[in-house]
Every structure is written in structure tokens, then in C-alpha cells.
file my_file.cif (mmCIF, C-alpha atoms and all ligand atoms)
data_query
loop_
_atom_site.label_atom_id
_atom_site.label_comp_id
_atom_site.auth_asym_id
_atom_site.auth_seq_id
_atom_site.Cartn_x
_atom_site.Cartn_y
_atom_site.Cartn_z
CA MET L 6 10.28 -12.14 -4.76
CA ASN L 7 11.28 -14.79 -2.32
CA PRO L 8 9.27 -17.90 -3.29
CA SER L 9 8.49 -18.55 0.38
CA ARG L 10 6.45 -15.33 0.51
CA SER L 11 3.22 -14.73 -1.37
CA CYS L 12 2.71 -11.79 -3.72
CA LEU L 13 0.25 -9.02 -2.90
CA VAL L 14 -0.91 -6.64 -5.63
CA MET L 15 -2.90 -3.79 -4.14
CA GLY L 16 -4.64 -0.97 -5.98
CA ASN L 17 -4.80 2.53 -4.56
CA TRP L 18 -7.63 4.29 -6.33
CA LYS L 19 -6.83 7.58 -4.57
CA MET L 20 -9.64 10.13 -5.08
CA HIS L 21 -10.88 8.64 -8.33
CA GLY L 22 -14.07 6.90 -9.33
CA ASN L 23 -17.83 7.15 -9.25
CA LEU L 24 -20.54 4.54 -8.79
CA ALA L 25 -20.90 3.78 -12.50
CA ASP L 26 -17.18 3.54 -13.35
CA ASN L 27 -16.43 1.60 -10.17
CA ALA L 28 -19.09 -0.96 -11.04
CA VAL L 29 -17.39 -1.61 -14.39
CA LEU L 30 -13.92 -1.74 -12.85
CA LEU L 31 -14.92 -4.05 -9.99
CA ALA L 32 -16.82 -6.38 -12.33
CA GLY L 33 -13.77 -6.51 -14.61
CA LEU L 34 -11.54 -7.42 -11.67
CA VAL L 35 -13.87 -10.14 -10.45
CA ALA L 36 -14.21 -11.56 -13.97
CA GLY L 37 -10.44 -11.64 -14.50
CA ALA L 38 -9.27 -12.44 -10.97
CA GLN L 39 -8.08 -15.92 -11.86
CA ARG L 40 -5.44 -14.30 -14.12
CA ALA L 41 -3.71 -13.09 -10.99
CA GLY L 42 -2.37 -16.62 -10.51
CA HIS L 43 -0.87 -16.91 -7.08
CA ALA L 44 -0.88 -13.15 -6.48
CA GLN L 45 -3.36 -11.87 -3.92
CA LEU L 46 -5.44 -8.93 -5.21
CA ALA L 47 -6.79 -6.02 -3.18
CA VAL L 48 -8.18 -2.53 -3.86
CA CYS L 49 -8.11 0.48 -1.54
CA VAL L 50 -11.08 2.66 -2.44
CA PRO L 51 -12.40 6.05 -1.25
CA PHE L 52 -14.50 5.77 1.93
CA PRO L 53 -17.92 6.28 0.27
CA TYR L 54 -17.31 3.36 -2.05
CA LEU L 55 -16.42 0.81 0.62
CA VAL L 56 -19.95 -0.54 0.63
CA GLN L 57 -19.88 -0.84 -3.16
CA ALA L 58 -16.55 -2.67 -3.00
CA GLN L 59 -17.93 -4.93 -0.28
CA GLN L 60 -20.99 -5.80 -2.36
CA ALA L 61 -19.02 -6.37 -5.55
CA LEU L 62 -16.11 -8.29 -4.06
CA SER L 63 -17.69 -10.38 -1.28
CA GLY L 64 -17.25 -14.02 -2.14
CA SER L 65 -14.48 -13.23 -4.67
CA ALA L 66 -10.76 -13.71 -4.14
CA ILE L 67 -10.26 -9.93 -4.07
CA SER L 68 -10.15 -8.07 -0.76
CA TRP L 69 -10.69 -4.35 -0.20
CA GLY L 70 -9.28 -1.63 1.95
CA ALA L 71 -9.37 2.05 2.86
CA GLN L 72 -6.84 4.78 2.18
CA ASP L 73 -6.66 6.31 5.65
CA VAL L 74 -7.92 5.85 9.20
CA SER L 75 -8.27 8.00 12.30
CA VAL L 76 -5.91 7.50 15.22
CA HIS L 77 -8.98 7.88 17.47
CA ALA L 78 -11.48 5.18 18.33
CA HIS L 79 -14.50 7.55 18.48
CA GLY L 80 -15.45 11.02 19.61
CA ALA L 81 -15.68 14.61 18.45
CA TYR L 82 -13.44 14.29 15.38
CA THR L 83 -15.52 15.67 12.54
CA GLY L 84 -14.66 14.13 9.20
CA GLU L 85 -12.59 11.30 10.66
CA VAL L 86 -13.29 7.60 10.11
CA SER L 87 -12.35 5.08 12.79
CA ALA L 88 -10.84 1.65 12.26
CA ALA L 89 -13.93 0.02 13.78
CA MET L 90 -16.13 1.80 11.21
CA LEU L 91 -13.95 0.38 8.44
CA ALA L 92 -14.23 -3.08 9.96
CA ASP L 93 -18.03 -2.73 9.71
CA PHE L 94 -17.60 -2.76 5.92
CA GLY L 95 -15.45 -5.87 5.74
CA VAL L 96 -12.26 -3.94 5.16
CA SER L 97 -9.02 -5.93 5.35
CA TRP L 98 -6.40 -3.25 4.63
CA VAL L 99 -5.73 0.36 5.54
CA LEU L 100 -3.11 2.52 3.86
CA CYS L 101 -1.26 4.47 6.54
CA GLY L 102 1.02 7.41 5.76
CA HIS L 103 0.74 7.47 2.00
CA SER L 104 3.14 10.19 0.81
CA GLU L 105 0.18 12.32 -0.32
CA ARG L 106 -1.14 12.28 3.26
CA ARG L 107 2.30 13.02 4.68
CA ALA L 108 2.81 15.91 2.24
CA LEU L 109 -0.71 17.37 1.98
CA HIS L 110 -2.02 16.63 5.48
CA ALA L 111 1.20 16.98 7.47
CA GLU L 112 1.07 13.43 8.80
CA THR L 113 4.20 12.77 10.80
CA SER L 114 5.75 9.33 11.14
CA SER L 115 4.48 9.06 14.72
CA VAL L 116 0.92 9.83 13.56
CA VAL L 117 1.36 7.20 10.86
CA ALA L 118 2.45 4.65 13.48
CA ALA L 119 -0.57 5.60 15.63
CA LYS L 120 -2.83 4.99 12.62
CA ALA L 121 -1.21 1.59 12.09
CA ALA L 122 -1.82 0.77 15.76
CA ALA L 123 -5.47 1.89 15.44
CA ALA L 124 -5.95 -0.42 12.46
CA LEU L 125 -4.31 -3.33 14.29
CA SER L 126 -6.49 -2.77 17.34
CA VAL L 127 -9.55 -3.96 15.40
CA GLY L 128 -7.80 -6.63 13.36
CA LEU L 129 -7.21 -4.67 10.13
CA THR L 130 -3.88 -4.89 8.35
CA PRO L 131 -2.07 -1.56 8.07
CA VAL L 132 -0.08 -0.94 4.91
CA VAL L 133 2.49 1.56 6.11
CA CYS L 134 3.90 3.67 3.29
CA VAL L 135 7.39 5.12 3.35
CA GLY L 136 9.43 6.86 0.69
CA GLU L 137 11.92 9.62 0.04
CA THR L 138 11.50 12.74 -2.11
CA LEU L 139 13.67 13.49 -5.10
CA SER L 140 15.68 16.02 -3.11
CA ASP L 141 16.29 13.41 -0.37
CA ARG L 142 17.55 11.03 -3.03
CA ASP L 143 19.68 13.62 -4.80
CA ALA L 144 21.22 14.50 -1.42
CA ASP L 145 22.03 10.80 -0.91
CA ASN L 146 19.71 10.82 2.04
CA ALA L 147 17.14 8.19 1.04
CA ASP L 148 18.36 5.57 3.53
CA CYS L 149 18.15 7.98 6.48
CA VAL L 150 14.70 9.24 5.51
CA ILE L 151 13.35 5.71 5.25
CA ALA L 152 14.94 4.74 8.57
CA ASP L 153 13.38 7.80 10.26
CA GLN L 154 9.95 7.09 8.79
CA LEU L 155 10.14 3.48 9.93
CA GLU L 156 11.36 4.15 13.45
CA PRO L 157 8.02 4.69 15.25
CA VAL L 158 6.46 1.82 13.32
CA LEU L 159 9.29 -0.55 14.28
CA ALA L 160 8.78 0.56 17.88
CA LEU L 161 5.31 -1.05 17.80
CA GLY L 162 7.17 -4.35 18.20
CA ALA L 163 7.46 -7.73 16.52
CA ASP L 164 3.88 -8.86 17.09
CA ALA L 165 2.50 -5.72 15.43
CA LEU L 166 5.05 -5.85 12.61
CA ALA L 167 4.10 -9.43 11.83
CA LYS L 168 0.54 -8.26 11.15
CA MET L 169 1.33 -5.38 8.83
CA VAL L 170 2.63 -4.63 5.36
CA ILE L 171 5.24 -2.02 4.46
CA ALA L 172 5.06 -0.23 1.10
CA TYR L 173 8.13 1.52 -0.26
CA GLU L 174 6.99 4.31 -2.58
CA PRO L 175 9.66 6.78 -3.64
CA VAL L 176 7.78 10.09 -3.93
CA TRP L 177 9.60 10.95 -7.16
CA ALA L 178 8.18 7.82 -8.79
CA ILE L 179 4.53 8.30 -7.82
CA GLY L 180 2.31 9.30 -10.72
CA THR L 181 5.33 10.51 -12.66
CA GLY L 182 5.85 7.56 -14.99
CA ARG L 183 9.37 7.41 -13.54
CA THR L 184 9.75 4.05 -11.78
CA ALA L 185 12.69 3.29 -9.53
CA SER L 186 14.90 0.78 -11.32
CA PRO L 187 14.48 -2.73 -9.94
CA GLU L 188 17.96 -2.39 -8.41
CA GLN L 189 17.16 0.97 -6.78
CA ALA L 190 13.95 -0.45 -5.37
CA GLN L 191 15.64 -3.64 -4.16
CA ALA L 192 18.37 -1.62 -2.41
CA ILE L 193 15.77 0.14 -0.24
CA HIS L 194 13.68 -3.02 0.19
CA SER L 195 16.70 -4.88 1.53
CA LEU L 196 17.34 -2.05 3.98
CA ILE L 197 13.71 -2.26 5.16
CA ARG L 198 14.00 -6.05 5.36
CA ALA L 199 17.11 -5.75 7.52
CA ALA L 200 15.30 -3.38 9.89
CA LEU L 201 12.34 -5.76 10.10
CA VAL L 202 14.63 -8.74 10.75
CA GLN L 203 16.36 -6.76 13.47
CA HIS L 204 12.95 -6.15 15.06
CA GLY L 205 11.95 -9.80 14.89
CA SER L 206 9.67 -9.73 11.84
CA GLY L 207 11.59 -10.62 8.69
CA ALA L 208 8.53 -12.07 6.95
CA THR L 209 6.53 -8.81 6.88
CA PRO L 210 5.61 -8.24 3.22
CA ILE L 211 7.24 -5.23 1.55
CA LEU L 212 5.46 -3.81 -1.50
CA TYR L 213 6.93 -1.48 -4.08
CA GLY L 214 4.87 1.44 -5.39
CA GLY L 215 5.49 4.23 -7.86
CA SER L 216 4.45 4.04 -11.53
CA VAL L 217 4.13 0.24 -11.49
CA LYS L 218 2.77 -0.83 -14.90
CA PRO L 219 2.38 -4.15 -16.71
CA ALA L 220 5.63 -3.38 -18.57
CA ASN L 221 7.83 -3.02 -15.49
CA ALA L 222 6.12 -5.26 -12.94
CA SER L 223 7.91 -8.53 -13.64
CA ALA L 224 11.39 -6.99 -13.33
CA LEU L 225 10.35 -5.49 -9.99
CA PHE L 226 8.79 -8.74 -8.77
CA ALA L 227 12.00 -10.58 -9.68
CA GLN L 228 13.82 -8.75 -6.86
CA ALA L 229 14.44 -10.76 -3.72
CA ASP L 230 12.76 -8.40 -1.27
CA ILE L 231 9.86 -7.08 -3.38
CA ASP L 232 6.75 -8.97 -2.28
CA GLY L 233 4.22 -7.21 -4.46
CA ALA L 234 3.06 -3.80 -5.58
CA LEU L 235 0.98 -0.84 -4.49
CA VAL L 236 -0.46 0.42 -7.75
CA GLY L 237 -2.04 3.84 -8.29
CA GLY L 238 -2.91 4.91 -11.83
CA ALA L 239 -2.72 1.45 -13.37
CA SER L 240 -5.17 0.07 -10.80
CA LEU L 241 -7.96 2.12 -12.40
CA VAL L 242 -7.86 -0.03 -15.53
CA ALA L 243 -8.85 -3.65 -14.84
CA GLU L 244 -6.75 -5.02 -17.69
CA ASP L 245 -3.59 -3.24 -16.53
CA PHE L 246 -4.08 -4.15 -12.89
CA LEU L 247 -4.67 -7.82 -13.73
CA ASN L 248 -1.67 -7.86 -16.08
CA ILE L 249 0.51 -6.52 -13.28
CA ALA L 250 -0.71 -9.30 -10.99
CA ALA L 251 -0.22 -11.87 -13.75
CA SER L 252 3.46 -10.87 -14.00
CA ALA L 253 3.99 -12.24 -10.52
CA ALA L 254 3.43 -15.76 -11.78
P1 LIG L 301 1.20 5.40 -9.15
O1 LIG L 301 0.78 5.62 -7.61
O2 LIG L 301 1.19 3.92 -9.41
O3 LIG L 301 0.15 6.14 -9.94
O4 LIG L 301 2.57 5.99 -9.31
C1 LIG L 301 1.21 4.74 -6.60
C2 LIG L 301 0.70 5.21 -5.26
O5 LIG L 301 0.71 6.43 -5.02
O6 LIG L 301 0.28 4.40 -4.41
#

call {"tool": "encode", "arguments": {"input": "my_file.cif", "output": "C-alpha cells"}}
result
Amino acid sequence: MNPSRSCLVMGNWKMHGNLADNAVLLAGLVAGAQRAGHAQLAVCVPFPYLVQAQQALSGSAISWGAQDVSVHAHGAYTGEVSAAMLADFGVSWVLCGHSERRALHAETSSVVAAKAAAALSVGLTPVVCVGETLSDRDADNADCVIADQLEPVLALGADALAKMVIAYEPVWAIGTGRTASPEQAQAIHSLIRAALVQHGSGATPILYGGSVKPANASALFAQADIDGALVGGASLVAEDFLNIAASAA
């Protein structure tokens, strides 16, 4: 982590949780938030629980976000949720193009960029996720895949890029227990940084995601271009999530 940038540790609950378990988890996070030191904490929760997150986290140092957003502002789009609706619930962050949405919902990189633009249009911060599959990596193609995924997002321009976050999540490391080595992660982060610099926004935070745990977080955070983490499984356990954030100290 470059000391001039702050550290962001963001949980992605995915489709997990219920009112009772969330209440325990959110209370645990609020109670332990000071352990995060200088790291900023955030949780991206399923849509129905945004109001619960808002109630539990308002007034705390922890912010909350959503896991997806519609490209449309309003209209006949059954099942979609607009950025303005998210803003109504105090949302700060929106995950855009998580690999599960790209793989399971056929989201293309241009749709992902449109979602980022929709979030920005109402003042939310998009967290644009990119990452290669194992076969991309084995074919030595990771750099090209990341560059392709980034292209439409970079085209949004420097002003937009300055207001977003990029998350590098190698698909082969998500939920598998197989983390990219700090060096592998840094290699891609530096490539993303170079692209951002070239597009006039070198300070855009770049998070790493993929089996981040308390045991591997500090080695990842020690890398020059890793500005925090997007945490799936370990964000469902308050102790683990807080310990990850504490390793940024
Ligand atoms: P994981 O998920 O930490 O469980 O690997 C990360 C993510 O998908 O955001």
C-alpha cells in the first residue's frame, strides 16, 4: 500500500444472510470498528437488507453498499434496482461487474461501464470488478483480459475514474481458498495503475479480492499498488473481517 493512499476493506456478502444473522454481524462490526485502525470499512449487502444496514451502521464509521445496479434510471425493467433507489438508502458503494455477474448474468464490460456511469450519475461510488479466469491465466492471457475489461471503464474519462474504485479479483481465487500470491496480485495491480495513470487518474484505489483472509491480508496490503481488499467469505464473520482490516495498520 502506498502510504499516501488510504486503505479500504469492503465486504461482499453475496447472497448470504438473514435479518437475525445480519443483526449479529452488523453489531459485531460496529462494536469492533475501531480495530480497523486507519482502514475504511464497508459492507455490500443484498438489496433487501440495505435498510437494515442503514439502520445499524448510520452514525458509525462503517459505510454500506449494494452488489449491483441497473443501467437504467427508471422504467419498465422488472426486477431491476436503479442507482437513485440505492441512494435513497444511504448507499455509498455499488459493485459493478463482479465476476459472478459477468459469468452468470452475461454482463459484458460495456454493460459494466454503463452500470458504473449510472452509479456515478447519482453520486455513488462504483467498485468496478475485473479479473481473469484460470484458463486465461494458464494461457498467459491475464494482462489482455484485464485490459479488455477495463477499456470501456477507462473511456468514461479521468473525472469519472477519480470517483471510482477498481477491484482486481482473479476468478480462480474467488471462494476457492486459493489466493493470488502477493507478487501475482501486485503485477496485475501495477498494470491497472499504469492504465489509470495513462487516463489521468493514478490515485483511483485498487482493491484485491479473492480468498482474502486474516492470514494473508498483511502480505497483500504490503504491495505498493494494493489499496485494500474486497472480501467475500471472510466478511461474513465479524472477527475475521475486522482482523483483515486490522492488518492494514
Ligand atoms: P472470497 O470472495 O473472498 O470469498 O474469495 C471475494 C469476492 O467474490 O468478492

call {"tool": "closest_residue", "arguments": {"input": "my_file.cif", "among": "L:Leu241, L:Gly182, L:Gly136, L:Ile249", "to": "Gln45 (chain L)", "atoms": "only C-alpha atoms"}}
result
L:Ile249

call {"tool": "residues_near_ligand", "arguments": {"input": "my_file.cif", "ligand": "ligand LIG 301 (chain L)", "cutoff": "7 Å", "atoms": "only C-alpha atoms and all ligand atoms", "output": "ChimeraX atom specification"}}
result
/L:17,174,178-182,214-217,235-239

call {"tool": "write_last_selection", "arguments": {"input": "my_file.cif", "atoms": "C-alpha atoms", "output": "mmCIF file, keeping the file's coordinate frame"}}
result
data_model
loop_
_atom_site.group_PDB
_atom_site.id
_atom_site.type_symbol
_atom_site.label_atom_id
_atom_site.label_comp_id
_atom_site.auth_asym_id
_atom_site.auth_seq_id
_atom_site.Cartn_x
_atom_site.Cartn_y
_atom_site.Cartn_z
ATOM 1 C CA ASN L 17 -4.800 2.530 -4.560
ATOM 2 C CA GLU L 174 6.990 4.310 -2.580
ATOM 3 C CA ALA L 178 8.180 7.820 -8.790
ATOM 4 C CA ILE L 179 4.530 8.300 -7.820
ATOM 5 C CA GLY L 180 2.310 9.300 -10.720
ATOM 6 C CA THR L 181 5.330 10.510 -12.660
ATOM 7 C CA GLY L 182 5.850 7.560 -14.990
ATOM 8 C CA GLY L 214 4.870 1.440 -5.390
ATOM 9 C CA GLY L 215 5.490 4.230 -7.860
ATOM 10 C CA SER L 216 4.450 4.040 -11.530
ATOM 11 C CA VAL L 217 4.130 0.240 -11.490
ATOM 12 C CA LEU L 235 0.980 -0.840 -4.490
ATOM 13 C CA VAL L 236 -0.460 0.420 -7.750
ATOM 14 C CA GLY L 237 -2.040 3.840 -8.290
ATOM 15 C CA GLY L 238 -2.910 4.910 -11.830
ATOM 16 C CA ALA L 239 -2.720 1.450 -13.370
#

call {"tool": "residues_around", "arguments": {"input": "my_file.cif", "residues": "Ala122 (chain L)", "least_positions_apart": "3", "cutoff": "10 Å", "atoms": "all atoms listed in the file", "output": "list in words"}}
result
Val76, Ala88, Cys101, Val116, Val117, Ala118, Ala119, Leu125, Ser126, Val127, Gly128, Leu129, Thr130, Pro131, Val158, Leu161, Ala165 and Met169 of chain L

call {"tool": "write_last_selection", "arguments": {"input": "my_file.cif", "atoms": "C-alpha atoms", "output": "PDB file, keeping the file's coordinate frame"}}
result
ATOM      1  CA  VAL L  76      -5.910   7.500  15.220  1.00  0.00           C
ATOM      2  CA  ALA L  88     -10.840   1.650  12.260  1.00  0.00           C
ATOM      3  CA  CYS L 101      -1.260   4.470   6.540  1.00  0.00           C
ATOM      4  CA  VAL L 116       0.920   9.830  13.560  1.00  0.00           C
ATOM      5  CA  VAL L 117       1.360   7.200  10.860  1.00  0.00           C
ATOM      6  CA  ALA L 118       2.450   4.650  13.480  1.00  0.00           C
ATOM      7  CA  ALA L 119      -0.570   5.600  15.630  1.00  0.00           C
ATOM      8  CA  LEU L 125      -4.310  -3.330  14.290  1.00  0.00           C
ATOM      9  CA  SER L 126      -6.490  -2.770  17.340  1.00  0.00           C
ATOM     10  CA  VAL L 127      -9.550  -3.960  15.400  1.00  0.00           C
ATOM     11  CA  GLY L 128      -7.800  -6.630  13.360  1.00  0.00           C
ATOM     12  CA  LEU L 129      -7.210  -4.670  10.130  1.00  0.00           C
ATOM     13  CA  THR L 130      -3.880  -4.890   8.350  1.00  0.00           C
ATOM     14  CA  PRO L 131      -2.070  -1.560   8.070  1.00  0.00           C
ATOM     15  CA  VAL L 158       6.460   1.820  13.320  1.00  0.00           C
ATOM     16  CA  LEU L 161       5.310  -1.050  17.800  1.00  0.00           C
ATOM     17  CA  ALA L 165       2.500  -5.720  15.430  1.00  0.00           C
ATOM     18  CA  MET L 169       1.330  -5.380   8.830  1.00  0.00           C
TER      19      MET L 169
END

call {"tool": "closest_residue", "arguments": {"input": "my_file.cif", "among": "L:Thr138, L:Thr184, L:Gln60, L:Ser195", "to": "Ala224 (chain L)", "atoms": "all atoms listed in the file"}}
result
L:Thr184

call {"tool": "closest_residue", "arguments": {"input": "my_file.cif", "among": "L:Ala124, L:Ile67, L:Met20, L:Leu31", "to": "Ala250 (chain L)", "atoms": "all atoms listed in the file"}}
result
L:Ile67

call {"tool": "axis_aligned_box", "arguments": {"input": "my_file.cif", "around": "region 141-147 of chain L", "padding_each_side": "5 Å", "output": "AutoDock Vina command-line options"}}
result
--center_x 19.2 --center_y 11.3 --center_z -1.4 --size_x 15.7 --size_y 16.3 --size_z 16.8

call {"tool": "build_atoms", "arguments": {"input": "my_file.cif", "residues": "region 198-220 of chain L", "atoms": "N, CA and C atoms", "output": "compact mmCIF listing (two decimals), keeping the file's coordinate frame"}}
result
# COMPACT_ATOMS: atom_id res chain seq x y z
N ARG L 198 14.02 -4.65 4.89
CA ARG L 198 14.00 -6.05 5.36
C ARG L 198 14.95 -6.20 6.56
N ALA L 199 16.13 -5.62 6.44
CA ALA L 199 17.11 -5.75 7.52
C ALA L 199 16.55 -5.16 8.82
N ALA L 200 15.88 -4.01 8.69
CA ALA L 200 15.30 -3.38 9.89
C ALA L 200 14.21 -4.27 10.48
N LEU L 201 13.42 -4.87 9.61
CA LEU L 201 12.34 -5.76 10.10
C LEU L 201 12.94 -6.99 10.78
N VAL L 202 13.97 -7.55 10.16
CA VAL L 202 14.63 -8.74 10.75
C VAL L 202 15.16 -8.38 12.14
N GLN L 203 15.79 -7.21 12.20
CA GLN L 203 16.36 -6.76 13.47
C GLN L 203 15.28 -6.60 14.55
N HIS L 204 14.07 -6.31 14.11
CA HIS L 204 12.95 -6.15 15.06
C HIS L 204 12.08 -7.39 15.13
N GLY L 205 12.61 -8.51 14.67
CA GLY L 205 11.95 -9.80 14.89
C GLY L 205 10.84 -10.13 13.93
N SER L 206 10.77 -9.45 12.75
CA SER L 206 9.67 -9.73 11.84
C SER L 206 10.11 -9.70 10.37
N GLY L 207 11.03 -10.58 10.04
CA GLY L 207 11.59 -10.62 8.69
C GLY L 207 10.61 -11.01 7.60
N ALA L 208 9.47 -11.60 7.97
CA ALA L 208 8.53 -12.07 6.95
C ALA L 208 7.46 -11.03 6.60
N THR L 209 7.51 -9.86 7.22
CA THR L 209 6.53 -8.81 6.88
C THR L 209 6.64 -8.48 5.39
N PRO L 210 5.52 -8.53 4.65
CA PRO L 210 5.61 -8.24 3.22
C PRO L 210 6.00 -6.78 2.96
N ILE L 211 6.82 -6.59 1.94
CA ILE L 211 7.24 -5.23 1.55
C ILE L 211 6.85 -5.03 0.08
N LEU L 212 5.92 -4.11 -0.15
CA LEU L 212 5.46 -3.81 -1.50
C LEU L 212 6.26 -2.65 -2.09
N TYR L 213 6.36 -2.64 -3.41
CA TYR L 213 6.93 -1.48 -4.08
C TYR L 213 5.80 -0.70 -4.74
N GLY L 214 5.86 0.61 -4.69
CA GLY L 214 4.87 1.44 -5.39
C GLY L 214 5.52 2.65 -6.03
N GLY L 215 4.97 3.07 -7.14
CA GLY L 215 5.49 4.23 -7.86
C GLY L 215 5.57 3.90 -9.33
N SER L 216 4.49 4.27 -10.08
CA SER L 216 4.45 4.04 -11.53
C SER L 216 4.65 2.57 -11.90
N VAL L 217 4.10 1.66 -11.11
CA VAL L 217 4.13 0.24 -11.49
C VAL L 217 3.12 0.04 -12.62
N LYS L 218 3.59 -0.58 -13.70
CA LYS L 218 2.77 -0.83 -14.90
C LYS L 218 2.99 -2.28 -15.32
N PRO L 219 2.14 -2.78 -16.23
CA PRO L 219 2.38 -4.15 -16.71
C PRO L 219 3.79 -4.32 -17.29
N ALA L 220 4.33 -3.26 -17.90
CA ALA L 220 5.63 -3.38 -18.57
C ALA L 220 6.80 -3.49 -17.60
